[in-house]
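Notes follow once the structure below has been shown.
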Amino acid sequence: MSGTASQSTLQAAGPVAETLLGVSTVLVLGATLIFVAVMALLVLAVRRRGGQVNARWWVLGGGVVFPTAVLAALFAYSEWHKPPWRIAPPKNALIVGVTAHMWWWELRYRDPASGAEIVGANEIRIPVGRPVYFGLTSADVIHSFWVPALGGKMDMLPGRVQHLQLQADRPGTWRGQCAEYCGDQHARMALHVVAEQPAAFEAWLAAQARPAAASSSPEIERGREAFLAHRCNACHTVRGVSEESRLGPDLTHVGSRLYLGAGTVANDAAGLAQWVAHTQQLKPGARMPSSGERIDEASLRSIAAWLGELK
C-alpha cells in the first residue's frame with residue numbers, strides 16, 4: 001500500500017483513468033500545435049504587412065474548413081475512447097453503494113458469506129484487477145464522486161442512483177474528493193480508496209462483517225461505557241454494542257480507517273481524542289457537536305482509546 005494518497009489525474013492507476021489521460025494528452029498537444037501555428041501565422045502577417053492577401057481563402061480555410069475538420073476528428077476520437085457505460089455490472093464486479101452526506105461518505109458492501117450489508121464510512125477498499133461498480137446517490141444536496149487517479153467524476157443526486165465503473169490495476173491509496181460545491185465543509189469532504197491484493201481484500205471484508213471487538217482492559221471498558229452513557233450511540237452505530245443509527249458514520253471498525261472526519265484528521269490516538277473533543281473547531285458546521293464541552297477529559301480519553309481498538 002502506498003504511503004501517500006495521490007489525487008492527480010496524471011498518475012493514472014486504472015484503465016478508465018489511463019483512457020481519460022490519453023484523451024486529455026491528445027487534446028492538450030493538439031491545442032498546443034494549433035496555438036503555435038496561429039502564432040507563426042501572426043508573425044508572418046506582421047512581417048508581410050504591406051503584401052496582398054487573399055482574405056476569402058484564409059477565412060474559408062482557416063475559419064471554416066480547418067476548425068470543422070479538427071473538431072470532427074477530436075469528437076470521433078474522444079467518442080471512440082470514452083469509458084463504457086454499463087446498465088448492469090459485469091458478473092465478476094464488486095458492487096459498492098456510496099451515499100453522500102453533508103459532509104461525509106456512507107459506504108455499503110455485501111458480505112459474500114451471509115449476504116448481510118457491511119457499512120463503513122469515508123474509506124473504500126477494493127481488490128486490485130477487479131472491476132468495481134459503484135451505485136452513487138445523495139442523502140441531502142447534490143454532491144459529486146471523483147477519484148482522479150481512477151477515473152472521471154459522477155454527480156450524486158438526491159432520490160436518484162447513478163452508476164460508475166472503475167478499476168485499480170495496482171495496490172495503492174488514492175484520495176478522492178466531492179467535486180460539486182455542497183456547503184460550508186465542501187473542501188473537507190474527502191474519501192480515500194485503498195486497493196489491495198484480492199486475498200488481502202477478502203480478509204478485510206470478512207473482518208468488517210464481524211461485530212466490533214476490543215480488548216477488555218479497564219481503560220477500554222470505561223470508554224465503551226462512556227460512549228453509551230453520553231449517548232454517542234444516538235447517532236453512531238457500533239455493531240455488537242449499540243442499535244443501528246444512520247444519523248452519523250458507522251463506527252464498528254473505525255480504528256482501521258486512515259482518517260477521521262472525511263479526511264480531516266489522521267486516525268491515530270491523538271487525532272481521535274482531538275476529533276471527539278473539538279469537532280466544531282476542526283470542521284465547523286459538521287453535524288457532530290464538540291464533546292469537550294460536555295464530557296470530562298478522562299472520559300474523552302477513554303472513548304478515544306476504545307474507538308481506536310475497533311479494527
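Following the order of the C-alpha cells, first chain is A, next is B, and so on, with residues numbered from 1 inside each chain and ligands from 1 in the order they appear.
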Exercise for the section: For Val16 (chain A), list every protein, DNA or RNA residue within 9 Å, evaluated using only C-alpha atoms, and leave out those in the same chain fewer than 5 positions away; present the list as a list in words. Expected result: Leu21, Lys82, Pro83, Pro84, Leu150, Gly151, Gly152, Gln165, Leu166 and Gln167 of chain A
Exercise for the section: Would you mind listing what lies within 7 Å of region 154-161 of chain A as a ChimeraX atom specification, with only C-alpha atoms counted and same-chain residues fewer than 6 positions away left out? Expected result: /A:135-146
File dump, residues just selected, N, CA and C atoms, as a tab-separated table (two decimals), in the first residue's frame:
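Contents of again29.tsv, as written:
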```
chain	number	residue	atom	x	y	z
A	135	GLY	N	-22.77	2.29	-6.99
A	135	GLY	CA	-24.09	2.89	-7.02
A	135	GLY	C	-24.04	4.17	-6.19
A	136	LEU	N	-24.24	5.31	-6.82
A	136	LEU	CA	-23.99	6.60	-6.19
A	136	LEU	C	-25.29	7.38	-6.00
A	137	THR	N	-25.51	7.85	-4.78
A	137	THR	CA	-26.68	8.68	-4.51
A	137	THR	C	-26.35	9.68	-3.41
A	138	SER	N	-27.28	10.57	-3.12
A	138	SER	CA	-27.07	11.58	-2.09
A	138	SER	C	-28.25	11.57	-1.12
A	139	ALA	N	-27.93	11.87	0.14
A	139	ALA	CA	-28.97	11.92	1.17
A	139	ALA	C	-29.50	13.32	1.38
A	140	ASP	N	-28.87	14.33	0.77
A	140	ASP	CA	-29.33	15.70	1.04
A	140	ASP	C	-29.23	16.59	-0.20
A	141	VAL	N	-28.03	17.13	-0.51
A	141	VAL	CA	-27.88	18.04	-1.65
A	141	VAL	C	-27.09	17.33	-2.75
A	142	ILE	N	-26.82	18.04	-3.84
A	142	ILE	CA	-26.03	17.45	-4.93
A	142	ILE	C	-24.57	17.41	-4.52
A	143	HIS	N	-23.97	16.23	-4.62
A	143	HIS	CA	-22.54	16.02	-4.41
A	143	HIS	C	-21.96	15.46	-5.71
A	144	SER	N	-20.66	15.19	-5.71
A	144	SER	CA	-20.04	14.59	-6.88
A	144	SER	C	-18.87	13.71	-6.46
A	145	PHE	N	-18.86	12.48	-6.95
A	145	PHE	CA	-17.85	11.46	-6.61
A	145	PHE	C	-16.71	11.56	-7.61
A	146	TRP	N	-15.48	11.79	-7.12
A	146	TRP	CA	-14.35	11.91	-8.03
A	146	TRP	C	-13.07	11.40	-7.36
```
Contacts of Pro218 (chain A) at 12 Å or less, counting only C-alpha atoms, minus same-chain residues fewer than 5 places along, as a JSON list (two decimals) with N, CA and C atoms, in the first residue's frame?
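Done, and the output landed in selection-v6.json:
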```
[["chain", "number", "residue", "atom", "x", "y", "z"],
["A", 223, "GLY", "N", -14.19, 3.38, 28.31],
["A", 223, "GLY", "CA", -14.50, 4.09, 27.08],
["A", 223, "GLY", "C", -15.80, 3.62, 26.47],
["A", 224, "ARG", "N", -16.02, 2.31, 26.46],
["A", 224, "ARG", "CA", -17.28, 1.77, 25.93],
["A", 224, "ARG", "C", -18.46, 2.25, 26.76],
["A", 225, "GLU", "N", -18.33, 2.21, 28.08],
["A", 225, "GLU", "CA", -19.41, 2.65, 28.95],
["A", 225, "GLU", "C", -19.68, 4.14, 28.80],
["A", 302, "SER", "N", -10.85, 7.97, 27.36],
["A", 302, "SER", "CA", -11.28, 6.57, 27.36],
["A", 302, "SER", "C", -12.09, 6.24, 26.10],
["A", 303, "ILE", "N", -12.98, 7.15, 25.70],
["A", 303, "ILE", "CA", -13.76, 6.93, 24.48],
["A", 303, "ILE", "C", -12.84, 6.83, 23.27],
["A", 305, "ALA", "N", -9.70, 5.97, 23.23],
["A", 305, "ALA", "CA", -8.92, 4.72, 23.31],
["A", 305, "ALA", "C", -9.77, 3.53, 22.87],
["A", 306, "TRP", "N", -11.03, 3.50, 23.28],
["A", 306, "TRP", "CA", -11.91, 2.39, 22.88],
["A", 306, "TRP", "C", -12.18, 2.41, 21.38]]
```
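Separating CA of Met102 (chain A) from CA of Ala262 (chain A) is a distance of 10.3 Å.
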Exercise for the section: Extract the full set of alpha helix (DSSP H) residues from region 131-213 of chain A according to DSSP on the backbone, and format it as a ChimeraX atom specification. Expected result: /A:198-209
Please, could you write that set of residues out with C-alpha atoms as a short mmCIF file (atom, residue, chain, number, x, y, z; two decimals), in the first residue's frame?
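The resulting again-v2.cif:
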```cif
data_model
loop_
_atom_site.label_atom_id
_atom_site.label_comp_id
_atom_site.auth_asym_id
_atom_site.auth_seq_id
_atom_site.Cartn_x
_atom_site.Cartn_y
_atom_site.Cartn_z
CA PRO A 198 -7.58 -9.91 -3.71
CA ALA A 199 -6.62 -12.14 -0.76
CA ALA A 200 -5.96 -9.14 1.50
CA PHE A 201 -9.24 -7.53 0.43
CA GLU A 202 -11.25 -10.70 1.16
CA ALA A 203 -9.68 -10.91 4.62
CA TRP A 204 -10.52 -7.25 5.25
CA LEU A 205 -14.14 -7.73 4.07
CA ALA A 206 -14.58 -10.77 6.33
CA ALA A 207 -13.26 -8.78 9.30
CA GLN A 208 -15.60 -5.87 8.51
CA ALA A 209 -18.58 -8.23 8.56
#
```
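Proximity ranking of A:Leu27, A:Ala55, A:Val64, A:Ala212 relative to Leu251 (chain A) places A:Ala212 first, based on only C-alpha atoms.
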Problem - Pick from A:Ala121, A:Val36, A:Leu164, A:Ala195, whichever lies nearest to Pro89 (chain A) using only C-alpha atoms - result: A:Leu164
Practice task
Would you please give, as a ChimeraX atom specification, all residues of region 86-266 of chain A that DSSP assigns to strand (DSSP E) based on the backbone?
Solution key: /A:94-101,104-110,117-121,123-127,132-138,143-146,154-156,162-166,172-178,190-196,259-260,265-266
Output the selection as a JSON list (two decimals), in the first residue's frame - C-alpha atoms for each residue.
```json
[["chain", "number", "residue", "atom", "x", "y", "z"],
["A", 94, "LEU", "CA", -17.59, -5.82, -6.75],
["A", 95, "ILE", "CA", -20.68, -3.71, -6.04],
["A", 96, "VAL", "CA", -20.30, -0.81, -3.60],
["A", 97, "GLY", "CA", -23.09, 1.56, -2.61],
["A", 98, "VAL", "CA", -21.98, 5.13, -1.85],
["A", 99, "THR", "CA", -24.30, 7.69, -0.25],
["A", 100, "ALA", "CA", -23.02, 11.25, 0.09],
["A", 101, "HIS", "CA", -23.96, 13.24, 3.18],
["A", 104, "TRP", "CA", -19.06, 12.56, 4.69],
["A", 105, "TRP", "CA", -19.46, 9.33, 2.69],
["A", 106, "GLU", "CA", -21.51, 6.28, 3.68],
["A", 107, "LEU", "CA", -20.37, 3.00, 2.09],
["A", 108, "ARG", "CA", -22.18, -0.32, 1.78],
["A", 109, "TYR", "CA", -20.76, -3.69, 0.77],
["A", 110, "ARG", "CA", -22.41, -7.09, 0.68],
["A", 117, "GLU", "CA", -24.79, -5.42, 4.42],
["A", 118, "ILE", "CA", -21.42, -4.18, 5.66],
["A", 119, "VAL", "CA", -21.50, -0.46, 6.41],
["A", 120, "GLY", "CA", -18.46, 1.81, 6.52],
["A", 121, "ALA", "CA", -17.56, 5.45, 6.07],
["A", 123, "GLU", "CA", -12.73, 4.90, 3.06],
["A", 124, "ILE", "CA", -13.32, 2.50, 0.16],
["A", 125, "ARG", "CA", -11.31, -0.71, -0.08],
["A", 126, "ILE", "CA", -11.23, -2.57, -3.38],
["A", 127, "PRO", "CA", -9.37, -5.56, -4.84],
["A", 132, "VAL", "CA", -15.88, -2.10, -9.09],
["A", 133, "TYR", "CA", -19.43, -0.99, -9.87],
["A", 134, "PHE", "CA", -20.49, 1.96, -7.73],
["A", 135, "GLY", "CA", -24.09, 2.89, -7.02],
["A", 136, "LEU", "CA", -23.99, 6.60, -6.19],
["A", 137, "THR", "CA", -26.68, 8.68, -4.51],
["A", 138, "SER", "CA", -27.07, 11.58, -2.09],
["A", 143, "HIS", "CA", -22.54, 16.02, -4.41],
["A", 144, "SER", "CA", -20.04, 14.59, -6.88],
["A", 145, "PHE", "CA", -17.85, 11.46, -6.61],
["A", 146, "TRP", "CA", -14.35, 11.91, -8.03],
["A", 154, "MET", "CA", -20.06, 11.44, -11.41],
["A", 155, "ASP", "CA", -22.69, 13.69, -9.84],
["A", 156, "MET", "CA", -24.70, 12.27, -6.94],
["A", 162, "GLN", "CA", -26.08, 6.92, -10.67],
["A", 163, "HIS", "CA", -23.63, 4.22, -11.74],
["A", 164, "LEU", "CA", -19.88, 4.38, -12.25],
["A", 165, "GLN", "CA", -17.45, 1.56, -13.01],
["A", 166, "LEU", "CA", -13.78, 1.89, -12.01],
["A", 172, "GLY", "CA", -2.09, 1.81, -3.54],
["A", 173, "THR", "CA", -4.01, 4.53, -1.79],
["A", 174, "TRP", "CA", -5.72, 7.32, -3.72],
["A", 175, "ARG", "CA", -7.53, 10.37, -2.47],
["A", 176, "GLY", "CA", -10.95, 11.33, -3.79],
["A", 177, "GLN", "CA", -12.99, 14.47, -3.31],
["A", 178, "CYS", "CA", -16.50, 15.80, -3.57],
["A", 190, "ALA", "CA", -12.56, 13.75, 1.05],
["A", 191, "LEU", "CA", -12.52, 9.99, 0.76],
["A", 192, "HIS", "CA", -9.69, 7.50, 0.32],
["A", 193, "VAL", "CA", -9.64, 4.47, -1.94],
["A", 194, "VAL", "CA", -7.32, 1.67, -0.85],
["A", 195, "ALA", "CA", -6.60, -1.03, -3.45],
["A", 196, "GLU", "CA", -5.29, -4.33, -2.09],
["A", 259, "TYR", "CA", -8.54, 9.32, 8.54],
["A", 260, "LEU", "CA", -11.38, 10.80, 10.58],
["A", 265, "VAL", "CA", -7.65, 14.34, 10.78],
["A", 266, "ALA", "CA", -5.22, 11.41, 10.68]]
```
Exercise for the section: Write out as a PyMOL selection string which residues come within 9 Å of Gly129 (chain A) when counting only C-alpha atoms, dropping same-chain ones fewer than 4 positions away. Expected result: chain A and resi 14+167-170+197-198
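Nearest residue to Cys182 (chain A) among A:Ala72, A:Gly263, A:Trp103, A:Asp111 is A:Trp103, counting only C-alpha atoms.
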Exercise for the section: Name the residues in contact with Gln281 (chain A) at a cut-off of 12 Å, using only C-alpha atoms, excluding same-chain residues fewer than 2 positions from it; report them as JSON, numbers by chain. Expected result: {"A": [264, 265, 274, 275, 276, 277, 278, 279, 283, 284, 285, 286, 288, 289, 290, 291, 292, 293]}
Write out the residues from the selection above, keeping N, CA and C atoms, as an mmCIF file, in the first residue's frame.
```cif
data_model
loop_
_atom_site.group_PDB
_atom_site.id
_atom_site.type_symbol
_atom_site.label_atom_id
_atom_site.label_comp_id
_atom_site.auth_asym_id
_atom_site.auth_seq_id
_atom_site.Cartn_x
_atom_site.Cartn_y
_atom_site.Cartn_z
ATOM 1 N N THR A 264 -10.237 14.750 7.366
ATOM 2 C CA THR A 264 -9.882 15.960 8.115
ATOM 3 C C THR A 264 -8.697 15.747 9.053
ATOM 4 N N VAL A 265 -8.676 14.600 9.758
ATOM 5 C CA VAL A 265 -7.650 14.338 10.778
ATOM 6 C C VAL A 265 -7.116 12.925 10.589
ATOM 7 N N GLN A 274 -8.564 14.386 19.662
ATOM 8 C CA GLN A 274 -8.806 15.747 19.198
ATOM 9 C C GLN A 274 -10.138 15.865 18.469
ATOM 10 N N TRP A 275 -10.436 14.863 17.633
ATOM 11 C CA TRP A 275 -11.672 14.908 16.855
ATOM 12 C C TRP A 275 -12.902 14.827 17.753
ATOM 13 N N VAL A 276 -12.897 13.920 18.715
ATOM 14 C CA VAL A 276 -14.048 13.764 19.603
ATOM 15 C C VAL A 276 -14.265 15.018 20.440
ATOM 16 N N ALA A 277 -13.169 15.616 20.913
ATOM 17 C CA ALA A 277 -13.291 16.762 21.816
ATOM 18 C C ALA A 277 -13.557 18.075 21.083
ATOM 19 N N HIS A 278 -13.002 18.245 19.883
ATOM 20 C CA HIS A 278 -13.029 19.561 19.235
ATOM 21 C C HIS A 278 -13.541 19.475 17.792
ATOM 22 N N THR A 279 -14.607 18.754 17.582
ATOM 23 C CA THR A 279 -15.135 18.555 16.233
ATOM 24 C C THR A 279 -15.434 19.870 15.530
ATOM 25 N N LYS A 283 -13.912 21.100 12.084
ATOM 26 C CA LYS A 283 -14.800 21.066 10.929
ATOM 27 C C LYS A 283 -16.087 21.812 11.269
ATOM 28 N N PRO A 284 -16.039 23.146 11.288
ATOM 29 C CA PRO A 284 -17.208 23.941 11.676
ATOM 30 C C PRO A 284 -18.434 23.622 10.818
ATOM 31 N N GLY A 285 -19.558 23.445 11.485
ATOM 32 C CA GLY A 285 -20.782 23.150 10.759
ATOM 33 C C GLY A 285 -21.091 21.679 10.637
ATOM 34 N N ALA A 286 -20.134 20.804 10.976
ATOM 35 C CA ALA A 286 -20.398 19.365 10.952
ATOM 36 C C ALA A 286 -21.544 19.040 11.897
ATOM 37 N N MET A 288 -21.829 16.802 14.026
ATOM 38 C CA MET A 288 -21.397 16.310 15.331
ATOM 39 C C MET A 288 -20.935 17.465 16.207
ATOM 40 N N PRO A 289 -21.460 17.597 17.444
ATOM 41 C CA PRO A 289 -21.014 18.679 18.325
ATOM 42 C C PRO A 289 -19.642 18.369 18.915
ATOM 43 N N SER A 290 -18.977 19.396 19.419
ATOM 44 C CA SER A 290 -17.711 19.203 20.134
ATOM 45 C C SER A 290 -18.018 18.652 21.519
ATOM 46 N N SER A 291 -17.495 17.462 21.804
ATOM 47 C CA SER A 291 -17.834 16.810 23.070
ATOM 48 C C SER A 291 -17.004 17.308 24.240
ATOM 49 N N GLY A 292 -15.941 18.076 23.973
ATOM 50 C CA GLY A 292 -15.103 18.571 25.051
ATOM 51 C C GLY A 292 -15.831 19.508 25.989
ATOM 52 N N GLU A 293 -16.957 20.054 25.537
ATOM 53 C CA GLU A 293 -17.713 20.991 26.363
ATOM 54 C C GLU A 293 -18.683 20.296 27.315
#
```
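Checking A:Lys153, A:Lys91, A:Arg257, A:Arg287 one by one against Pro131 (chain A), counting only C-alpha atoms, you find the shortest gap at A:Lys91.
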Fill in the blank from the handout: CA of Ala69 (chain A) to CA of Val43 (chain A) measures 24.4 Å
